[in-house]
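What follows is a single structure, written as structure tokens, with notes after it.
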Amino acid sequence: MQFTADLMPSDITGQPVFDARTQDFRFRRGPVFTQILLADEINRSPAKTHAALLEIMQESRVTVDGTTYPIEPPFLVLATQNPIESEGTYTLPEAQLDRFLFKLVVNYPKVEEEHAILKLHRSRSTLEKQIADKIQVVLNPERILQIQDLCRQIEADDKILHYITAIVRKTREWPAFFMGASPRAGIAMLSGARVLAAFSGRTYITPDDVSELVLPALRHRVILSPEAEVEGDTTDHALKALLKTIEVPRL
């Protein structure tokens, strides 16, 4: 879904529509009633539209006129934003950023990748043809829910929990940060570490699983102090420096 400056909350959630046959209003579901929602350039929509996503992203449901409509699991929100342009954009509130599990930084493609893009364009191959030729269905919603249940069974030792807690709490007193991470950050790191362990064929979390998730799980949950910004520091650099001060547990 393309997020624009005139996008209203009802454009996402849906709204009651008058039915002439029944002489009554019926709820017409919006595009959020899906399993994968791609919010393209989410920072171009106004704050009121951002607020409409808070309940959806946290509770997987929509409430309109006092009636709650659940969204069938699995439900995933992917969002993009252009970090270069600032004209006509609205900064996402911390409460909404906190509901995103990870923030990934996508840089320019490598030389080989950019060359492959040009070759693909030269071949005049359409996106639809690429999908038909190369994309294969390997999962269904039921299987994804089964995998999620399996990941929840991954063991997390108390030392791992203390390690995650120490990292999150350290962000609140680190001098380079004006604002540290919330308790939801620890939940995100624990959930991500379980998935990393499962995909590595292990039934337990290691400290390496946790440290690998520090940047994607925390970079959008902390705010640099004005002094750190003036000195040219970055969020990723500050998080790396913070991680080095935390004692790694031995299992």
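Scheme for the structure tokens: letters A, B, ... for chains in order shown; per-chain residue numbers from 1; ligand numbers from 1 in order shown.
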Item to check | Near-Asp236 in chain A list (9 Å; only C-alpha atoms; drop same-chain fewer than 6 positions) as a list in words | outcome: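 Returned residues: Leu215, Leu218 and Arg219 of chain A.
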Next on the checklist: Could you pull out the alpha helix (DSSP H) residues of range 3-153 of chain A, going by DSSP on the backbone, and write them as a ChimeraX atom specification?
Outcome noted: /A:9-13,47-59,94-97,111-122,127-134,141-152
Could you save the residues just selected, with C-alpha atoms, as a compact mmCIF listing (two decimals), in the first residue's frame?
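Here's the written file result-v2.txt:
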# COMPACT_ATOMS: atom_id res chain seq x y z
CA PRO A 9 -7.01 5.99 8.73
CA SER A 10 -10.22 4.63 7.18
CA ASP A 11 -8.31 4.04 3.93
CA ILE A 12 -6.30 1.42 5.84
CA THR A 13 -8.75 -0.06 8.31
CA ALA A 47 0.33 11.15 12.29
CA LYS A 48 -3.38 10.28 12.44
CA THR A 49 -2.82 7.50 9.93
CA HIS A 50 0.21 6.27 11.86
CA ALA A 51 -1.94 6.07 14.99
CA ALA A 52 -4.43 3.85 13.18
CA LEU A 53 -1.70 1.23 12.79
CA LEU A 54 -0.86 1.00 16.50
CA GLU A 55 -3.68 -1.38 17.46
CA ILE A 56 -3.29 -3.34 14.24
CA MET A 57 0.44 -3.94 14.70
CA GLN A 58 0.21 -4.80 18.39
CA GLU A 59 -3.10 -6.65 18.68
CA GLU A 94 8.40 6.30 19.14
CA ALA A 95 5.35 4.28 20.19
CA GLN A 96 4.87 3.03 16.64
CA LEU A 97 8.57 2.48 15.92
CA VAL A 111 28.63 -3.55 -8.34
CA GLU A 112 27.68 -7.10 -9.28
CA GLU A 113 24.11 -6.59 -8.13
CA GLU A 114 23.71 -3.32 -10.01
CA HIS A 115 25.14 -4.95 -13.11
CA ALA A 116 22.63 -7.80 -12.76
CA ILE A 117 19.82 -5.25 -12.52
CA LEU A 118 20.84 -3.74 -15.84
CA LYS A 119 21.12 -7.17 -17.46
CA LEU A 120 17.65 -8.04 -16.23
CA HIS A 121 16.29 -4.78 -17.62
CA ARG A 122 18.08 -5.41 -20.94
CA LEU A 127 8.18 -8.74 -13.17
CA GLU A 128 5.22 -11.03 -13.75
CA LYS A 129 7.36 -13.36 -15.86
CA GLN A 130 10.12 -13.40 -13.25
CA ILE A 131 7.62 -14.35 -10.56
CA ALA A 132 6.11 -17.08 -12.72
CA ASP A 133 9.50 -18.55 -13.68
CA LYS A 134 11.52 -18.28 -10.45
CA PRO A 141 -0.12 -19.97 6.60
CA GLU A 142 -0.65 -23.15 8.60
CA ARG A 143 2.99 -24.16 8.26
CA ILE A 144 4.17 -20.70 9.28
CA LEU A 145 2.09 -20.90 12.46
CA GLN A 146 3.62 -24.32 13.19
CA ILE A 147 7.12 -22.88 12.79
CA GLN A 148 6.25 -20.02 15.12
CA ASP A 149 5.11 -22.50 17.75
CA LEU A 150 8.35 -24.44 17.37
CA CYS A 151 10.43 -21.27 17.81
CA ARG A 152 8.61 -20.48 21.06
Next on the checklist: I'd like the contact shell of Met189 in chain A - 9 Å cut-off, only C-alpha atoms, skipping same-chain residues fewer than 5 positions apart - returned as a ChimeraX atom specification.
Outcome noted: /A:101,164,184,194,209-210,213-214,217-218
Checklist entry - CA of Glu229 in chain A and CA of Ile42 in chain A, how far apart in Å? => result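 Separating CA of Ile42 in chain A from CA of Glu229 in chain A is a distance of 24.4 Å.
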Item to check | For Val32 in chain A, the nearest of the candidates A:Gly192, A:Pro46, A:Pro74, A:Gly14, counting only C-alpha atoms | outcome: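 Of A:Gly192, A:Pro46, A:Pro74, A:Gly14, the one nearest Val32 in chain A is A:Gly14, counting only C-alpha atoms.
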Next on the checklist: Please list as an NGL selection string every residue within 7 Å of range 173-181 of chain A, counting only C-alpha atoms and excluding residues in the same chain fewer than 4 positions away.
Outcome noted: :A and (168 or 185 or 218 or 221-225 or 228 or 238)
Resulting file, chosen residues, C-alpha atoms, as a PDB file, in the first residue's frame:
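Output saved as result_36.pdb:
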ATOM      1  CA  VAL A 168      18.521  -3.008  27.137  1.00  0.00           C
ATOM      2  CA  ALA A 185      13.133  -4.228  22.955  1.00  0.00           C
ATOM      3  CA  LEU A 218      17.644  -1.537  18.939  1.00  0.00           C
ATOM      4  CA  ARG A 221      14.339   2.186  19.650  1.00  0.00           C
ATOM      5  CA  VAL A 222      17.043   4.584  20.858  1.00  0.00           C
ATOM      6  CA  ILE A 223      17.622   8.274  20.146  1.00  0.00           C
ATOM      7  CA  LEU A 224      21.044   9.871  19.962  1.00  0.00           C
ATOM      8  CA  SER A 225      21.755  12.813  22.234  1.00  0.00           C
ATOM      9  CA  ALA A 228      26.532  12.793  20.036  1.00  0.00           C
ATOM     10  CA  ALA A 238      27.107   3.777  19.779  1.00  0.00           C
TER      11      ALA A 238
END
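Reported to one decimal place, the separation of CA of Asp24 in chain A from CA of Gly66 in chain A is 16.3 Å.
Counting only C-alpha atoms and comparing A:Thr67, A:Gln2, A:Gln136, A:Leu37, the residue that lies closest to Gln81 in chain A is A:Gln2.
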Checklist entry - as a ChimeraX atom specification, which residues of range 24-224 of chain A does DSSP assign to strand (DSSP E or B)? => result /A:24-29,36-40,61-64,67-70,76-79,155,177-179,204,223-224
Would you output that residue set with C-alpha atoms, as a short mmCIF file (atom, residue, chain, number, x, y, z; two decimals), in the first residue's frame?
data_model
loop_
_atom_site.label_atom_id
_atom_site.label_comp_id
_atom_site.auth_asym_id
_atom_site.auth_seq_id
_atom_site.Cartn_x
_atom_site.Cartn_y
_atom_site.Cartn_z
CA ASP A 24 -28.16 -0.34 7.06
CA PHE A 25 -24.44 0.22 7.37
CA ARG A 26 -22.05 -2.69 6.85
CA PHE A 27 -18.34 -2.69 7.50
CA ARG A 28 -16.20 -2.81 4.36
CA ARG A 29 -12.78 -4.16 5.23
CA ILE A 36 1.54 -9.38 4.66
CA LEU A 37 1.04 -5.61 4.55
CA LEU A 38 3.75 -3.60 2.80
CA ALA A 39 3.54 0.05 3.84
CA ASP A 40 5.59 1.80 1.17
CA ARG A 61 -7.23 -6.41 15.13
CA VAL A 62 -9.23 -3.38 14.01
CA THR A 63 -11.82 -1.56 16.12
CA VAL A 64 -14.38 0.59 14.28
CA THR A 67 -16.80 -3.35 17.05
CA THR A 68 -13.57 -5.34 16.94
CA TYR A 69 -12.58 -7.24 13.79
CA PRO A 70 -9.69 -9.72 14.19
CA LEU A 76 3.18 -9.18 9.22
CA VAL A 77 3.76 -5.49 8.55
CA LEU A 78 6.72 -4.43 6.40
CA ALA A 79 7.40 -0.72 6.02
CA GLU A 155 15.15 -22.73 25.50
CA PHE A 177 21.69 8.22 23.90
CA PHE A 178 19.06 10.80 24.76
CA MET A 179 16.46 8.03 25.10
CA TYR A 204 18.80 -23.25 22.86
CA ILE A 223 17.62 8.27 20.15
CA LEU A 224 21.04 9.87 19.96
#
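Using only C-alpha atoms, the contacts of Ile160 in chain A at a cut-off of 12 Å, with sequence neighbours closer than 6 positions omitted, comprise Ala166, Ile167, Gly186, Met189, Leu190, Ala193, Arg194, Tyr204, Ile205, Thr206, Pro207, Asp208, Asp209, Val210, Ser211, Glu247, Val248, Pro249, Arg250 and Leu251 of chain A.
When CA of Thr235 in chain A is paired with CA of Met1 in chain A, their separation reads 29.0 Å.
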